[in-house]
Amino acid sequence: MAPDPLLSLRHVAKLFSSADGRSRVAVLDEIDLDIAEGEVVALLGRSGSGKSTLLRLMAGLLPPTEGLISRYGRALRGVNRDVAIVFQSFALLPWLTVEENTAIGLEARGLSQTEVRHRALKALAMVGLEGNAEAYPRELSGGMRQRVGFARAFVMEPALLLMDEPFSALDILTAENLRRDIDELWAGGRFPARSIVIVTHSIEEAVLLSDRVVLLSANPGRIRGVVSIDLARPRDSDLPAFRTLVDRLYRYMTDPDMPVGERPLPLEPPTTAASLALPPVSLGVMGDLIATVNDDGGTSLAELADDLVLELDELLPILDAGELLHLMEVEEGQLRLTVAGQQLRAASEEGQQEMLRTQLVAHVPLIRRLQAALEASPRGEVEGDTVLELLNEQFTRTEAAAIFGTLVSWTRSCGLYRYNREQDVFRLAEVGADD
Amino acid sequence: MTLPPFPTTQVPLEAQQANPQDSSGGSAALLDLALLLLGLVLVVGIADLGSQMAVSFHPSASQVRVDLHPALLPYYAARSCLRMFMGLGLSLLIAITLGSVTSRSPVAERLILPMVDVLQSVPVLGFLAVSVPFFLRLFPGSLLGLEAAALFAIVTSQVWNLIFCYHQSLNTIPAELREASHVIGLTGWQRLTRLELPASAIPLVWNSMMSFAGGWFFVTQSEAISVNNTDYVLPGLGSYVASAIAQQRLDQVVLALLTMLALIVLIDQLFWRPLVAWSEQFRLDPSPVATPTSSWFLDILSGSAGLRLLTRWLILATVGLRRRLNVWTKPPLESNSHRGMVFSPEVIDRAVLLAGGMALALLLQRCIQQVGIREVLTVVGLGFLTFARAMAVVGISTVLFLPLAATIGLRPRLASLLQPLILMLASLPANLLFPFFTVLFLTTGTPLWLGCVPLMAMGAQWYVLFNSTAGACAIPSDLREMAHVFQLSGWQKWRRFLLPAMFSTWITGAITACGAAWNASIVAELVTWGPQRLRTAGLGSYIADASAQGESSQLLLGLVVMALLVVSTNRLLWRPLYHYGAERYGA
């Protein structure tokens, strides 16, 4: 019999209350995942896939709504004592020195003063900060602060090290450097943790560091599939095998309907109740993207992202918006314009606005409902609160507020409705009327 | 209010660290000796003053008049001062305890916070009338009962604000920091001393300083009060002034006022400034910011080798204790910390509302039974009269001080010069100034129904000035430059630029000023000068009379009506205005 995995999740689901408190919104659903000893697992997904929530479930910071999480075969209750976390924002205490920040977890364990100091300095040496023990976090650069974050985790010698987008608050060069150092520690067998789970939205990072990439779908987050990365370490991002994997993952990420590996798609496709969600981008940005797409044949998304210097998590919502408005299609990593999209690109500025209004009313469920309500209202007015209540049924408070903001921005920018924040009222814009 | 009234000027920690003050050996030793002496004097003095708190007295015996000899003023000042610090310590202890509870348990949060919100609307002097008889019975035949009542008054004037402040600063600790402290497995003791207290240090210090300033009014007032037809006197600056008033000695009042001013300056220099400068190391914001608060006294303290040795010795001596504390407060290995709320939040809210409503109904019913519906209606009428005066106070101080606040706030150098001065003026207890006004009213024949508005404004106006100045200070420099470049002026400058920018801090000041005015009404609608007595109708004088004559049901009625008026003004006027401001003019 195989030994119990370090951490195992069975049928785990996490639901949060919707903003109106009457229903619940699923953030994660049907998660089955084992973390074995000695492996690095990357959780990859777009925003809304609940990957950070999944990490917090593993740490025991949040309880699962359904399902079972166990460590070494025993049910996990409360905070997981086998883990340490490296946070995106570093989460250092600014009033403690580097050494005190590193040592704080050991003190909690009640070790002797000398032992605490010895181990803390050892961990600091491991991340190359032995000279900065007396410094305060605010005296350090971002990269050095995150090194303290790593030292604080290392010193605990956790069975499982959880990393929550640990490099995404750093500039590209610093991130690259730190990532390489971590990779070397791991490859050299000197790593103070037995396994790693890393949450990321960067495909390259996932391929560079992990043994398995777990792809998550969005709304609710489900496991779409797992891709094994069988490349020798240390990995060279210029090798063809590396590029092939990156391209493959890129295609998965940009096309949510594409099956991953042999695994079929999750049973119910995540189109919950003709979702009222709106991707958080402005129509202007989407228009800019449309202007750069080739007429014929389409454009490779990887090239596009490179040309526009866009991160994947910035590009994805733009594509979502384009597909929602039936202006773009994404297939096999290629972006094409629909007929409407091509017309939009050729149109004059006024014609573009006109087309956007038509597409919004025709294809966006939330706007379709708002339009119906406005036409039914004798004064041509609908209160913003009514719309917000509708959203509150399906989304958490922050989600609902974000969608509402996008709604206002979209309908204002193409002159579909007027919205007055003080009165909190949507009005049909009288086309051609003086403003 | 829970907002620090000044934009907290921050100091980069390095600046403090890189200041070891390595002076020559001889002067350093002298410095240590001086500090040692100072410490000894402080300890002996406190012990001596403390022992005098328990002096026996008999309420039946005719009260000892306070000796008006000016040489005794420092002694009286020390007594008042000791009371203030004890009150502050107690308030902080309560605030930290309750704040910890409310931030850990959502049930407690929903039960305690509404209660605190109501309690902070009850006029502090009303508490005093109820608490003096109680504490006298608790410590029969000893002055300790009066001391306890005075302490109680100070605590009730400070603690609500501090509870909200601590609760709020715990809630604004970044989520990732809290998660990190869980995963690392911080013990309860570590969590308190490494995370929660440091994270709330800056708001706590600022709020304590503000509350302390406000507390002088209550300590001086509670040192000489009449309850149940008996005059009670505690040695202190307040009772000194009260005696001076009774003997119509304006010169003594001036002397007491000067002593008070000296005391305020001394405490500011030796206590608050060092504390503010020291607390700046507990900023959560990592970016180093502009002008540090400097304190010569903190520089001296941190330059003292003896003090450093003492600190190191203290740290070493408590290693064992701290380790034991850590062991005791270790988080359980398998916690069940995820128990959801047993009741949904709405249920608790409704229960609180129901219980509060029923208690209120019962109280009112008892009042009506005992004093009759007519009296209730009269009191409500009086309440609106005093309400009008409180609003007049806010209105007049706004008109007077908003232009001044804009002038000061837009000039950073002037602001840094004047703001400490304004804070000191705000600390000066208004009731020490009353005699001058009373004499003025008596000689000019000004009726008190009009005269009590400036009296009430004496203590309240500063909050408006102060918070509005902070608002003007916070206007970003690019906006100021814009106003210059586009030559905004006159009414347009006010309407489009200054008023919106200062609106939300003005509201904060107005709320505090309004509360202070309500409290002041109890002493401002009824003033005396020797045998002469000026009185005007109002809820304040009604409460003062009821409390002096020991008519408990009238007192209760007055307090309930005042608390209701304060709560409803907050809910129906200030809070909507605040939200409007945040929504309309917020960034």
# chains A, B, ... in the order shown; residues from 1 in each chain; ligands from 1
>>> residues_around(residues="Leu106 of chain A", least_positions_apart="2", cutoff="8 Å", atoms="only C-alpha atoms", output="list in words")
Ala103, Ile104, Ala108, Arg109, Gly110, Leu111, Val116, Val155 and Met156 of chain A
>>> interface_residues(of="chain A", to="chain B", cutoff="6 Å", atoms="only C-alpha atoms", output="list in words")
Arg77, Gly78, Ala91, Trp95, Gly105, Ala108 and Arg138 of chain A
>>> write_last_selection(atoms="N, CA and C atoms", output="compact mmCIF listing (two decimals), in the first residue's frame")
# COMPACT_ATOMS: atom_id res chain seq x y z
N ARG A 77 -8.05 19.67 10.76
CA ARG A 77 -8.96 20.56 11.51
C ARG A 77 -8.16 21.75 11.97
N GLY A 78 -8.67 22.92 11.67
CA GLY A 78 -7.96 24.13 12.04
C GLY A 78 -6.77 24.36 11.14
N ALA A 91 3.89 39.99 3.52
CA ALA A 91 3.29 39.88 4.86
C ALA A 91 4.34 39.85 5.96
N TRP A 95 7.58 46.34 12.01
CA TRP A 95 8.26 46.81 13.22
C TRP A 95 9.24 45.78 13.77
N GLY A 105 8.22 32.44 14.17
CA GLY A 105 7.54 31.16 14.25
C GLY A 105 8.23 30.19 15.20
N ALA A 108 7.37 31.00 18.72
CA ALA A 108 6.04 30.50 19.05
C ALA A 108 6.12 29.04 19.49
N ARG A 138 11.46 47.83 5.79
CA ARG A 138 11.31 48.99 4.92
C ARG A 138 12.64 49.49 4.36
>>> atom_distance(atom1="atom CA of Leu216 of chain A", atom2="atom CA of Tyr252 of chain A")
10.1 Å
>>> select_by_dssp(residues="segment 300-376 of chain A", states="strand (DSSP E)", output="MDAnalysis selection string")
chainID A and resid 300 328:331 334:337
>>> write_last_selection(atoms="N, CA and C atoms", output="PDB file, in the first residue's frame")
ATOM      1  N   SER A 300      -1.822  34.829 -33.739  1.00  0.00           N
ATOM      2  CA  SER A 300      -1.476  33.935 -32.629  1.00  0.00           C
ATOM      3  C   SER A 300      -1.511  34.723 -31.328  1.00  0.00           C
ATOM      4  N   MET A 328     -15.034  38.635 -31.355  1.00  0.00           N
ATOM      5  CA  MET A 328     -13.834  37.835 -31.566  1.00  0.00           C
ATOM      6  C   MET A 328     -14.154  36.361 -31.345  1.00  0.00           C
ATOM      7  N   GLU A 329     -13.259  35.531 -31.899  1.00  0.00           N
ATOM      8  CA  GLU A 329     -13.313  34.103 -31.603  1.00  0.00           C
ATOM      9  C   GLU A 329     -11.909  33.625 -31.290  1.00  0.00           C
ATOM     10  N   VAL A 330     -11.786  32.778 -30.310  1.00  0.00           N
ATOM     11  CA  VAL A 330     -10.484  32.210 -29.994  1.00  0.00           C
ATOM     12  C   VAL A 330     -10.550  30.711 -30.250  1.00  0.00           C
ATOM     13  N   GLU A 331      -9.597  30.238 -31.023  1.00  0.00           N
ATOM     14  CA  GLU A 331      -9.581  28.804 -31.281  1.00  0.00           C
ATOM     15  C   GLU A 331      -8.146  28.359 -31.467  1.00  0.00           C
ATOM     16  N   GLN A 334      -5.466  30.835 -31.568  1.00  0.00           N
ATOM     17  CA  GLN A 334      -5.542  31.844 -32.620  1.00  0.00           C
ATOM     18  C   GLN A 334      -6.723  32.770 -32.340  1.00  0.00           C
ATOM     19  N   LEU A 335      -6.514  34.060 -32.581  1.00  0.00           N
ATOM     20  CA  LEU A 335      -7.586  35.024 -32.394  1.00  0.00           C
ATOM     21  C   LEU A 335      -8.082  35.467 -33.758  1.00  0.00           C
ATOM     22  N   ARG A 336      -9.390  35.337 -33.976  1.00  0.00           N
ATOM     23  CA  ARG A 336      -9.991  35.824 -35.230  1.00  0.00           C
ATOM     24  C   ARG A 336     -11.101  36.794 -34.913  1.00  0.00           C
ATOM     25  N   LEU A 337     -11.347  37.702 -35.874  1.00  0.00           N
ATOM     26  CA  LEU A 337     -12.485  38.598 -35.700  1.00  0.00           C
ATOM     27  C   LEU A 337     -13.709  37.978 -36.341  1.00  0.00           C
TER      28      LEU A 337
END
>>> atom_distance(atom1="atom CA of Phe167 of chain A", atom2="atom CA of Gln88 of chain A")
6.9 Å
>>> residues_around(residues="segment 210-214 of chain B", least_positions_apart="5", cutoff="9 Å", atoms="only C-alpha atoms", output="PDB file with N, CA and C atoms, in the first residue's frame")
ATOM      1  N   MET B   1     -13.606  60.568  18.158  1.00  0.00           N
ATOM      2  CA  MET B   1     -13.574  60.008  16.813  1.00  0.00           C
ATOM      3  C   MET B   1     -12.367  59.102  16.651  1.00  0.00           C
ATOM      4  N   PRO B   4      -7.246  59.748  13.407  1.00  0.00           N
ATOM      5  CA  PRO B   4      -6.261  60.660  13.969  1.00  0.00           C
ATOM      6  C   PRO B   4      -6.511  62.034  13.367  1.00  0.00           C
ATOM      7  N   PRO B   5      -6.614  63.043  14.201  1.00  0.00           N
ATOM      8  CA  PRO B   5      -7.019  64.343  13.706  1.00  0.00           C
ATOM      9  C   PRO B   5      -5.959  65.023  12.859  1.00  0.00           C
ATOM     10  N   MET B  84      -5.861  61.711  35.995  1.00  0.00           N
ATOM     11  CA  MET B  84      -5.957  61.613  34.539  1.00  0.00           C
ATOM     12  C   MET B  84      -5.200  60.399  34.009  1.00  0.00           C
ATOM     13  N   PHE B  85      -3.989  60.194  34.519  1.00  0.00           N
ATOM     14  CA  PHE B  85      -3.195  59.080  33.993  1.00  0.00           C
ATOM     15  C   PHE B  85      -3.781  57.738  34.416  1.00  0.00           C
ATOM     16  N   LEU B  88      -6.624  57.155  32.109  1.00  0.00           N
ATOM     17  CA  LEU B  88      -6.175  56.764  30.769  1.00  0.00           C
ATOM     18  C   LEU B  88      -5.731  55.305  30.758  1.00  0.00           C
ATOM     19  N   ILE B 154     -13.680  60.034  34.131  1.00  0.00           N
ATOM     20  CA  ILE B 154     -12.631  60.123  33.113  1.00  0.00           C
ATOM     21  C   ILE B 154     -12.725  58.943  32.154  1.00  0.00           C
ATOM     22  N   SER B 157     -15.422  59.116  29.685  1.00  0.00           N
ATOM     23  CA  SER B 157     -15.229  60.118  28.636  1.00  0.00           C
ATOM     24  C   SER B 157     -14.242  59.635  27.582  1.00  0.00           C
ATOM     25  N   GLN B 158     -13.473  58.596  27.883  1.00  0.00           N
ATOM     26  CA  GLN B 158     -12.427  58.190  26.940  1.00  0.00           C
ATOM     27  C   GLN B 158     -12.632  56.813  26.329  1.00  0.00           C
ATOM     28  N   VAL B 159     -13.264  55.921  27.096  1.00  0.00           N
ATOM     29  CA  VAL B 159     -13.123  54.509  26.763  1.00  0.00           C
ATOM     30  C   VAL B 159     -13.865  54.119  25.490  1.00  0.00           C
ATOM     31  N   ASN B 161     -14.535  55.749  22.728  1.00  0.00           N
ATOM     32  CA  ASN B 161     -13.744  56.158  21.584  1.00  0.00           C
ATOM     33  C   ASN B 161     -12.557  55.204  21.363  1.00  0.00           C
ATOM     34  N   LEU B 162     -11.896  54.853  22.478  1.00  0.00           N
ATOM     35  CA  LEU B 162     -10.727  53.979  22.365  1.00  0.00           C
ATOM     36  C   LEU B 162     -11.122  52.561  21.955  1.00  0.00           C
ATOM     37  N   VAL B 205      -2.277  55.843  20.107  1.00  0.00           N
ATOM     38  CA  VAL B 205      -1.588  56.977  20.721  1.00  0.00           C
ATOM     39  C   VAL B 205      -2.311  58.281  20.381  1.00  0.00           C
ATOM     40  N   ILE B 264      -0.338  71.315  30.988  1.00  0.00           N
ATOM     41  CA  ILE B 264      -0.619  70.772  29.662  1.00  0.00           C
ATOM     42  C   ILE B 264       0.650  70.781  28.801  1.00  0.00           C
ATOM     43  N   LEU B 423      -4.054  71.999  19.680  1.00  0.00           N
ATOM     44  CA  LEU B 423      -4.336  70.841  20.526  1.00  0.00           C
ATOM     45  C   LEU B 423      -4.259  71.239  21.994  1.00  0.00           C
ATOM     46  N   MET B 424      -3.288  72.085  22.341  1.00  0.00           N
ATOM     47  CA  MET B 424      -3.174  72.513  23.732  1.00  0.00           C
ATOM     48  C   MET B 424      -4.361  73.366  24.135  1.00  0.00           C
ATOM     49  N   ALA B 426      -7.256  73.090  22.952  1.00  0.00           N
ATOM     50  CA  ALA B 426      -8.382  72.180  23.095  1.00  0.00           C
ATOM     51  C   ALA B 426      -8.312  71.449  24.428  1.00  0.00           C
ATOM     52  N   SER B 427      -7.083  71.242  24.943  1.00  0.00           N
ATOM     53  CA  SER B 427      -6.946  70.536  26.212  1.00  0.00           C
ATOM     54  C   SER B 427      -7.416  71.383  27.383  1.00  0.00           C
ATOM     55  N   LEU B 428      -7.330  72.696  27.220  1.00  0.00           N
ATOM     56  CA  LEU B 428      -7.678  73.585  28.331  1.00  0.00           C
ATOM     57  C   LEU B 428      -9.145  73.380  28.678  1.00  0.00           C
ATOM     58  N   PRO B 429      -9.436  72.870  29.882  1.00  0.00           N
ATOM     59  CA  PRO B 429     -10.833  72.582  30.206  1.00  0.00           C
ATOM     60  C   PRO B 429     -11.671  73.858  30.188  1.00  0.00           C
ATOM     61  N   GLY B 459     -15.475  74.662  24.699  1.00  0.00           N
ATOM     62  CA  GLY B 459     -14.813  73.371  24.612  1.00  0.00           C
ATOM     63  C   GLY B 459     -14.973  72.722  23.257  1.00  0.00           C
ATOM     64  N   ALA B 516     -19.474  67.295  22.377  1.00  0.00           N
ATOM     65  CA  ALA B 516     -18.886  68.102  23.444  1.00  0.00           C
ATOM     66  C   ALA B 516     -19.856  69.185  23.894  1.00  0.00           C
TER      67      ALA B 516
END
>>> select_by_dssp(residues="segment 99-319 of chain B", states="helix (DSSP H, G or I)", output="JSON, numbers by chain")
{"B": [99, 100, 101, 102, 103, 104, 106, 107, 108, 109, 110, 111, 112, 113, 114, 115, 116, 117, 118, 119, 124, 125, 126, 127, 128, 129, 130, 131, 132, 133, 134, 135, 136, 137, 138, 144, 145, 146, 147, 148, 149, 150, 151, 152, 153, 154, 155, 156, 157, 158, 159, 160, 161, 162, 163, 164, 165, 166, 167, 168, 169, 170, 171, 175, 176, 177, 178, 179, 180, 181, 182, 183, 184, 188, 189, 190, 191, 192, 193, 194, 195, 196, 197, 198, 199, 200, 201, 202, 203, 204, 205, 206, 207, 208, 209, 210, 211, 212, 213, 214, 215, 216, 217, 218, 219, 220, 221, 222, 237, 238, 239, 240, 241, 242, 243, 244, 245, 246, 250, 251, 252, 253, 254, 255, 256, 257, 258, 259, 260, 261, 262, 263, 264, 265, 266, 267, 268, 269, 270, 271, 272, 273, 274, 275, 276, 277, 278, 279, 280, 281, 282, 296, 297, 298, 299, 300, 301, 302, 303, 305, 306, 307, 308, 309, 310, 311, 312, 313, 314, 315, 316, 317, 319]}
>>> residues_around(residues="Tyr585 of chain B", least_positions_apart="3", cutoff="9 Å", atoms="only C-alpha atoms", output="list in words")
Pro500, Ala501, Phe503, Ser504, Tyr580, Gly581 and Ala582 of chain B
>>> residues_around(residues="Pro454 of chain B", least_positions_apart="3", cutoff="10 Å", atoms="only C-alpha atoms", output="PyMOL selection string")
chain B and resi 389+392-393+396-397+434+437+448+450-451+457-461+524
>>> residues_around(residues="Trp449 of chain B", least_positions_apart="3", cutoff="9 Å", atoms="only C-alpha atoms", output="compact mmCIF listing (two decimals) with N, CA and C atoms, in the first residue's frame")
# COMPACT_ATOMS: atom_id res chain seq x y z
N THR B 446 -25.81 90.38 30.08
CA THR B 446 -26.16 89.45 28.99
C THR B 446 -26.99 88.30 29.57
N CYS B 452 -25.01 81.22 27.05
CA CYS B 452 -24.53 79.86 27.22
C CYS B 452 -24.03 79.26 25.91
N VAL B 453 -24.38 79.87 24.77
CA VAL B 453 -23.88 79.34 23.50
C VAL B 453 -22.35 79.50 23.41
N GLU B 525 -25.52 75.82 31.21
CA GLU B 525 -26.84 76.43 31.35
C GLU B 525 -27.13 76.82 32.80
N ARG B 535 -29.15 81.16 35.40
CA ARG B 535 -29.71 79.91 34.94
C ARG B 535 -30.57 80.18 33.72
N THR B 536 -30.56 79.25 32.79
CA THR B 536 -31.47 79.37 31.66
C THR B 536 -32.10 78.02 31.42
N ALA B 537 -33.32 78.03 30.87
CA ALA B 537 -34.02 76.77 30.64
C ALA B 537 -33.31 75.97 29.57
N GLY B 538 -33.26 74.68 29.76
CA GLY B 538 -32.64 73.80 28.79
C GLY B 538 -32.47 72.43 29.41
>>> residues_around(residues="Leu298 of chain B", least_positions_apart="3", cutoff="9 Å", atoms="only C-alpha atoms", output="list of chain:residue names")
B:Leu270, B:Arg273, B:Pro274, B:Leu275, B:Ala277, B:Trp278, B:Ser294, B:Ser295, B:Leu301, B:Ser302, B:Gly303
